[in-house]
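Asker: Got a file for you: work.pdb, PDB, C-alpha atoms.
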MODEL        1
ATOM      1  CA  VAL A 253     197.610 -12.682 155.947
ATOM      2  CA  GLY A 254     197.132 -13.656 152.298
ATOM      3  CA  SER A 255     198.046 -17.279 152.810
ATOM      4  CA  TRP A 256     195.445 -19.054 150.687
ATOM      5  CA  ARG A 257     194.596 -19.022 147.007
ATOM      6  CA  ASP A 258     190.912 -19.557 147.635
ATOM      7  CA  PRO A 259     189.402 -16.066 148.152
ATOM      8  CA  LYS A 260     187.206 -17.204 151.062
ATOM      9  CA  LEU A 261     190.157 -18.682 152.934
ATOM     10  CA  LYS A 262     192.334 -15.686 152.074
ATOM     11  CA  ASP A 263     189.688 -13.430 153.629
ATOM     12  CA  LEU A 264     189.527 -15.656 156.720
ATOM     13  CA  SER A 265     193.232 -15.191 157.487
ATOM     14  CA  LEU A 266     192.797 -11.422 157.331
ATOM     15  CA  GLU A 267     189.653 -11.615 159.464
ATOM     16  CA  ALA A 268     191.529 -13.719 162.031
ATOM     17  CA  PHE A 269     194.283 -11.089 162.253
ATOM     18  CA  ILE A 270     191.731  -8.297 162.654
ATOM     19  CA  LYS A 271     189.848 -10.245 165.336
ATOM     20  CA  ALA A 272     193.077 -10.949 167.238
ATOM     21  CA  MET A 273     193.986  -7.266 167.211
ATOM     22  CA  ASP A 274     190.446  -6.243 168.202
ATOM     23  CA  GLU A 275     190.484  -8.706 171.111
ATOM     24  CA  SER A 276     193.899  -7.410 172.170
ATOM     25  CA  THR A 277     192.611  -3.850 172.350
ATOM     26  CA  LYS A 278     189.369  -4.927 174.026
ATOM     27  CA  GLU A 279     191.316  -6.832 176.690
ATOM     28  CA  LYS A 280     193.795  -3.940 177.038
ATOM     29  CA  VAL A 281     196.839  -6.194 176.770
ATOM     30  CA  ASP A 282     200.231  -4.695 177.525
ATOM     31  CA  PHE A 283     201.710  -5.766 174.182
ATOM     32  CA  VAL A 284     201.256  -8.155 171.252
ATOM     33  CA  LEU A 285     203.822 -10.688 170.022
ATOM     34  CA  ILE A 286     203.853 -11.912 166.414
ATOM     35  CA  SER A 287     206.289 -14.804 165.966
ATOM     36  CA  GLY A 288     206.525 -14.626 162.213
ATOM     37  CA  ASP A 289     204.387 -15.111 159.159
ATOM     38  CA  LEU A 290     202.297 -11.991 159.632
ATOM     39  CA  PHE A 291     202.225 -12.091 155.842
ATOM     40  CA  ASN A 292     202.426 -15.132 153.597
ATOM     41  CA  THR A 293     205.194 -13.553 151.543
ATOM     42  CA  ALA A 294     207.957 -10.967 151.939
ATOM     43  CA  LEU A 295     206.146  -8.732 149.443
ATOM     44  CA  PRO A 296     202.392  -9.082 150.116
ATOM     45  CA  SER A 297     199.617  -7.430 148.163
ATOM     46  CA  ILE A 298     199.140  -3.719 148.729
ATOM     47  CA  ASP A 299     195.514  -4.308 149.748
ATOM     48  CA  HIS A 300     196.598  -6.653 152.536
ATOM     49  CA  VAL A 301     199.366  -4.316 153.671
ATOM     50  CA  ARG A 302     196.944  -1.391 153.789
ATOM     51  CA  LEU A 303     194.462  -3.298 155.957
ATOM     52  CA  VAL A 304     197.163  -4.632 158.296
ATOM     53  CA  VAL A 305     198.713  -1.177 158.651
ATOM     54  CA  ARG A 306     195.317   0.326 159.419
ATOM     55  CA  LYS A 307     194.739  -2.247 162.175
ATOM     56  CA  LEU A 308     198.265  -1.856 163.599
ATOM     57  CA  LYS A 309     197.713   1.894 163.705
ATOM     58  CA  GLU A 310     194.508   1.374 165.722
ATOM     59  CA  VAL A 311     196.393  -0.875 168.142
ATOM     60  CA  LYS A 312     199.174   1.694 168.529
ATOM     61  CA  GLU A 313     196.601   4.430 169.215
ATOM     62  CA  LYS A 314     195.398   2.288 172.151
ATOM     63  CA  ASN A 315     198.969   2.375 173.526
ATOM     64  CA  ILE A 316     199.661  -1.294 172.737
ATOM     65  CA  THR A 317     203.075  -2.084 171.297
ATOM     66  CA  VAL A 318     203.469  -4.857 168.726
ATOM     67  CA  TYR A 319     206.719  -6.837 168.757
ATOM     68  CA  PHE A 320     207.546  -9.222 165.945
ATOM     69  CA  ILE A 321     210.059 -11.389 164.176
ATOM     70  CA  ALA A 322     209.917 -12.500 160.559
ATOM     71  CA  GLY A 323     208.806 -16.047 159.880
ATOM     72  CA  SER A 324     209.690 -18.444 157.099
ATOM     73  CA  HIS A 325     207.058 -16.888 154.831
ATOM     74  CA  ASP A 326     207.631 -13.185 155.397
ATOM     75  CA  PHE A 327     211.423 -13.641 155.548
ATOM     76  CA  SER A 328     213.347 -12.613 152.450
ATOM     77  CA  PRO A 329     216.882 -13.767 151.585
ATOM     78  CA  SER A 330     217.590 -10.151 150.612
ATOM     79  CA  GLY A 331     216.718  -9.164 154.175
ATOM     80  CA  LYS A 332     213.978  -6.797 152.970
ATOM     81  CA  THR A 333     210.388  -7.427 153.970
ATOM     82  CA  MET A 334     207.197  -5.495 154.521
ATOM     83  CA  LEU A 335     207.925  -5.868 158.223
ATOM     84  CA  ASP A 336     210.729  -3.331 157.724
ATOM     85  CA  ILE A 337     208.135  -0.832 156.497
ATOM     86  CA  ILE A 338     205.924  -1.551 159.505
ATOM     87  CA  GLU A 339     208.866  -0.901 161.820
ATOM     88  CA  GLU A 340     209.888   2.241 159.926
ATOM     89  CA  ALA A 341     206.326   3.549 160.341
ATOM     90  CA  ALA A 342     206.624   2.873 164.117
ATOM     91  CA  LEU A 343     203.712   0.401 164.020
ATOM     92  CA  GLY A 344     205.750  -2.511 165.371
ATOM     93  CA  ILE A 345     209.220  -3.440 166.582
ATOM     94  CA  ASN A 346     211.399  -6.201 165.165
ATOM     95  CA  VAL A 347     213.071  -7.770 168.208
ATOM     96  CA  MET A 348     215.792  -9.717 166.405
ATOM     97  CA  LYS A 349     218.578  -7.284 167.052
ATOM     98  CA  GLY A 350     222.216  -8.058 167.625
ATOM     99  CA  GLU A 351     225.416  -8.899 165.862
ATOM    100  CA  VAL A 352     227.823 -11.693 165.105
ATOM    101  CA  ASP A 353     231.099 -11.202 166.966
ATOM    102  CA  GLU A 354     234.628 -11.974 165.753
ATOM    103  CA  THR A 355     234.325 -15.585 166.973
ATOM    104  CA  GLY A 356     231.158 -16.152 164.922
ATOM    105  CA  LYS A 357     228.804 -16.060 167.915
ATOM    106  CA  LEU A 358     225.396 -14.411 167.501
ATOM    107  CA  ASN A 359     224.899 -11.914 170.337
ATOM    108  CA  LEU A 360     221.278 -10.878 170.558
ATOM    109  CA  LYS A 361     220.119  -7.776 172.389
ATOM    110  CA  PHE A 362     216.893  -7.442 174.298
ATOM    111  CA  THR A 363     214.212  -4.903 173.437
ATOM    112  CA  GLU A 364     212.642  -3.727 176.686
ATOM    113  CA  ASP A 365     208.930  -3.031 176.786
ATOM    114  CA  LYS A 366     208.503   0.425 178.323
ATOM    115  CA  LYS A 367     205.250  -0.373 180.139
ATOM    116  CA  THR A 368     206.104  -3.739 181.683
ATOM    117  CA  GLY A 369     209.892  -3.973 181.645
ATOM    118  CA  ALA A 370     209.635  -7.298 179.791
ATOM    119  CA  LYS A 371     212.790  -8.015 177.814
ATOM    120  CA  ILE A 372     212.096  -9.474 174.379
ATOM    121  CA  THR A 373     214.381 -10.928 171.726
ATOM    122  CA  GLY A 374     214.292 -13.770 169.253
ATOM    123  CA  ILE A 375     215.453 -15.406 166.053
ATOM    124  CA  ILE A 376     213.646 -15.012 162.743
ATOM    125  CA  GLY A 377     212.419 -18.059 160.871
ATOM    126  CA  LYS A 378     213.913 -18.877 157.504
ATOM    127  CA  LYS A 379     212.696 -21.184 154.747
ATOM    128  CA  GLY A 380     214.186 -24.655 154.629
ATOM    129  CA  MET A 381     215.382 -24.466 158.243
ATOM    130  CA  LEU A 382     218.157 -22.071 157.206
ATOM    131  CA  ASP A 383     217.832 -20.488 160.654
ATOM    132  CA  ARG A 384     219.693 -23.511 162.073
ATOM    133  CA  LYS A 385     222.966 -21.598 161.705
ATOM    134  CA  ASP A 386     221.564 -18.780 163.870
ATOM    135  CA  TYR A 387     220.576 -21.198 166.641
ATOM    136  CA  LEU A 388     223.907 -23.017 166.511
ATOM    137  CA  SER A 389     225.871 -19.759 166.729
ATOM    138  CA  LEU A 390     223.612 -18.183 169.387
ATOM    139  CA  GLU A 391     225.494 -17.003 172.477
ATOM    140  CA  LYS A 392     222.898 -18.218 174.963
ATOM    141  CA  SER A 393     224.827 -17.374 178.132
ATOM    142  CA  ILE A 394     224.319 -13.614 177.700
ATOM    143  CA  LEU A 395     220.563 -14.090 177.366
ATOM    144  CA  GLU A 396     220.417 -16.533 180.266
ATOM    145  CA  LYS A 397     222.309 -14.198 182.643
ATOM    146  CA  GLU A 398     219.989 -11.254 181.973
ATOM    147  CA  LYS A 399     217.783 -10.511 184.995
ATOM    148  CA  GLY A 400     214.052  -9.859 184.811
ATOM    149  CA  PHE A 401     211.101 -11.174 182.843
ATOM    150  CA  LYS A 402     212.341 -12.352 179.452
ATOM    151  CA  ILE A 403     210.664 -13.571 176.275
ATOM    152  CA  PHE A 404     212.497 -15.405 173.503
ATOM    153  CA  MET A 405     210.500 -15.405 170.260
ATOM    154  CA  PHE A 406     211.108 -18.094 167.667
ATOM    155  CA  HIS A 407     209.464 -19.441 164.539
ATOM    156  CA  THR A 408     210.129 -23.149 164.446
ATOM    157  CA  SER A 409     208.888 -26.466 165.773
ATOM    158  CA  LEU A 410     210.429 -28.094 168.809
ATOM    159  CA  ASP A 411     211.138 -31.824 168.881
ATOM    160  CA  GLU A 412     209.761 -32.199 172.391
ATOM    161  CA  LEU A 413     206.453 -30.452 171.602
ATOM    162  CA  LYS A 414     205.772 -31.811 168.130
ATOM    163  CA  PRO A 415     202.670 -33.999 167.775
ATOM    164  CA  ILE A 416     203.252 -37.624 166.758
ATOM    165  CA  TYR A 417     201.349 -37.168 163.496
ATOM    166  CA  LEU A 418     203.904 -34.523 162.449
ATOM    167  CA  LYS A 419     206.960 -36.655 163.248
ATOM    168  CA  GLU A 420     208.362 -36.168 159.720
ATOM    169  CA  MET A 421     208.246 -32.371 160.025
ATOM    170  CA  GLU A 422     211.645 -30.806 160.619
ATOM    171  CA  SER A 423     212.186 -29.336 164.053
ATOM    172  CA  TYR A 424     214.857 -28.385 166.561
ATOM    173  CA  PRO A 425     215.542 -29.687 170.063
ATOM    174  CA  LEU A 426     214.546 -27.534 173.015
ATOM    175  CA  SER A 427     218.270 -27.225 173.811
ATOM    176  CA  PHE A 428     218.601 -24.803 170.864
ATOM    177  CA  LEU A 429     216.735 -22.192 172.947
ATOM    178  CA  PRO A 430     218.250 -20.250 175.838
ATOM    179  CA  ALA A 431     217.207 -21.389 179.308
ATOM    180  CA  GLY A 432     215.039 -19.169 181.481
TER     181      GLY A 432
ENDMDL
END
As a first step, turn the structure in this file into structure tokens.

Answerer:
Amino acid sequence: VGSWRDPKLKDLSLEAFIKAMDESTKEKVDFVLISGDLFNTALPSIDHVRLVVRKLKEVKEKNITVYFIAGSHDFSPSGKTMLDIIEEAALGINVMKGEVDETGKLNLKFTEDKKTGAKITGIIGKKGMLDRKDYLSLEKSILEKEKGFKIFMFHTSLDELKPIYLKEMESYPLSFLPAG
């Protein structure tokens, strides 16, 4: 939301978000996943935040949970983004939760969806592929051993799925992600 300078295009990104949320409620989905870049910046315009919050509130009132991770645009090096406010207001849940242990390994924890039992986690996207360190330090075995239906959210391109015309775009190999 708010990703274009041209007012018409800027409005289209907001309209696309609203339509996606409306379709989600119409279809009565169990939950919504947003893999980053909900906003084009860590500190979006108040008008955009107000409209997004209003729509997220409508979705919540329909008993649909929104899970998210920050993307390279709504990520902030300070660690503070509008997504924190959305989570604090209980309008969405950031699923990148965990800690780095004494060996330097990133141990992520799953967030379990109450309705479906789906277990969701992921790694936020950072500008300039700075998330590489997170993928390289990820303790995948813990995630892979977990039983049940699991979702790993990420905000990056994968070498194996990248179109030929984007061959110069930076990406990671599929092996960076946990199996299963």

Asker: Expand the PyMOL selection byres ((chain A and resi 405-408) around 7) into the explicit residue set it covers here, and present it as an MDAnalysis selection string.

Answerer: chainID A and resid 287:288 323 373:377 403:404 409:410 423

Asker: Applying 6 Å and all atoms listed in the file, which residues near His325 (chain A) remain after dropping the ones on its own chain fewer than 6 positions away? List them as a VMD selection string.

Answerer: chain A and resid 289 292 to 293

Asker: Considering all atoms listed in the file, return as a PyMOL selection string whatever protein or nucleic-acid residues lie within 6 Å of Lys357 (chain A), sequence-local ones (same chain, fewer than 4 positions apart) excluded.

Answerer: chain A and resi 352-353+389-391

Asker: Got time to write the residues from that selection, C-alpha atoms, as an mmCIF file, in the coordinates of the input?

Answerer:
data_model
loop_
_atom_site.group_PDB
_atom_site.id
_atom_site.type_symbol
_atom_site.label_atom_id
_atom_site.label_comp_id
_atom_site.auth_asym_id
_atom_site.auth_seq_id
_atom_site.Cartn_x
_atom_site.Cartn_y
_atom_site.Cartn_z
ATOM 1 C CA VAL A 352 227.823 -11.693 165.105
ATOM 2 C CA ASP A 353 231.099 -11.202 166.966
ATOM 3 C CA SER A 389 225.871 -19.759 166.729
ATOM 4 C CA LEU A 390 223.612 -18.183 169.387
ATOM 5 C CA GLU A 391 225.494 -17.003 172.477
#

Asker: Using all atoms listed in the file - which residues lie no farther than 12 Å from the point (214.9, -23.1, 179.8) in the file's frame? Write them as a ChimeraX atom specification.

Answerer: /A:392-393,395-397,402-404,425-432

Asker: Kindly save the residues from that selection, with C-alpha atoms included, as a PDB file, in the coordinates of the input.

Answerer:
ATOM      1  CA  LYS A 392     222.898 -18.218 174.963  1.00  0.00           C
ATOM      2  CA  SER A 393     224.827 -17.374 178.132  1.00  0.00           C
ATOM      3  CA  LEU A 395     220.563 -14.090 177.366  1.00  0.00           C
ATOM      4  CA  GLU A 396     220.417 -16.533 180.266  1.00  0.00           C
ATOM      5  CA  LYS A 397     222.309 -14.198 182.643  1.00  0.00           C
ATOM      6  CA  LYS A 402     212.341 -12.352 179.452  1.00  0.00           C
ATOM      7  CA  ILE A 403     210.664 -13.571 176.275  1.00  0.00           C
ATOM      8  CA  PHE A 404     212.497 -15.405 173.503  1.00  0.00           C
ATOM      9  CA  PRO A 425     215.542 -29.687 170.063  1.00  0.00           C
ATOM     10  CA  LEU A 426     214.546 -27.534 173.015  1.00  0.00           C
ATOM     11  CA  SER A 427     218.270 -27.225 173.811  1.00  0.00           C
ATOM     12  CA  PHE A 428     218.601 -24.803 170.864  1.00  0.00           C
ATOM     13  CA  LEU A 429     216.735 -22.192 172.947  1.00  0.00           C
ATOM     14  CA  PRO A 430     218.250 -20.250 175.838  1.00  0.00           C
ATOM     15  CA  ALA A 431     217.207 -21.389 179.308  1.00  0.00           C
ATOM     16  CA  GLY A 432     215.039 -19.169 181.481  1.00  0.00           C
TER      17      GLY A 432
END

Asker: Would you mind telling me which residue in A:Thr317, A:Ser255, A:Ser328, A:Ser276 lies nearest to Ser297 (chain A) when using all atoms listed in the file?

Answerer: A:Ser255

Asker: What separation in Å, quoted to one decimal, exists between CA of Ile321 (chain A) and CA of Lys361 (chain A)?

Answerer: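 So the answer is 13.5 Å.
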
Asker: Mind checking which residues fall within 10 Å of Val305 (chain A), counting all atoms listed in the file, ignoring those fewer than 6 positions away in the same chain, and posting them as a ChimeraX atom specification?

Answerer: /A:299,311,337-338,341,343-344

Asker: Work out how far apart CA of Asp383 (chain A) and CA of Glu354 (chain A) are and give it in Å to one decimal.

Answerer: 19.5 Å

Asker: Separation of CA of Phe283 (chain A) and CA of Lys312 (chain A), in Å?

Answerer: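 Rounded to one decimal, the two atoms are 9.7 Å apart.
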
Asker: Step by step, work through what the PyMOL selection byres ((chain A and resi 254) around 8) selects in the shown file, and finish by giving those residues as a ChimeraX atom specification.

Answerer: /A:253,255-257,262-263,265-266,291-292,296-297,300

Asker: Between A:Phe401, A:Lys314, A:Glu339, A:Gly331, which is the closest to Glu279 (chain A) once you count only C-alpha atoms?

Answerer: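 Under the stated criterion, the closest residue is A:Lys314.
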
Asker: Env of Phe320 (chain A): 6 Å cut, atoms = all atoms listed in the file, seq-sep filter 3 positions within chain, self excluded. Answer as a PyMOL selection string.

Answerer: chain A and resi 285-287+346
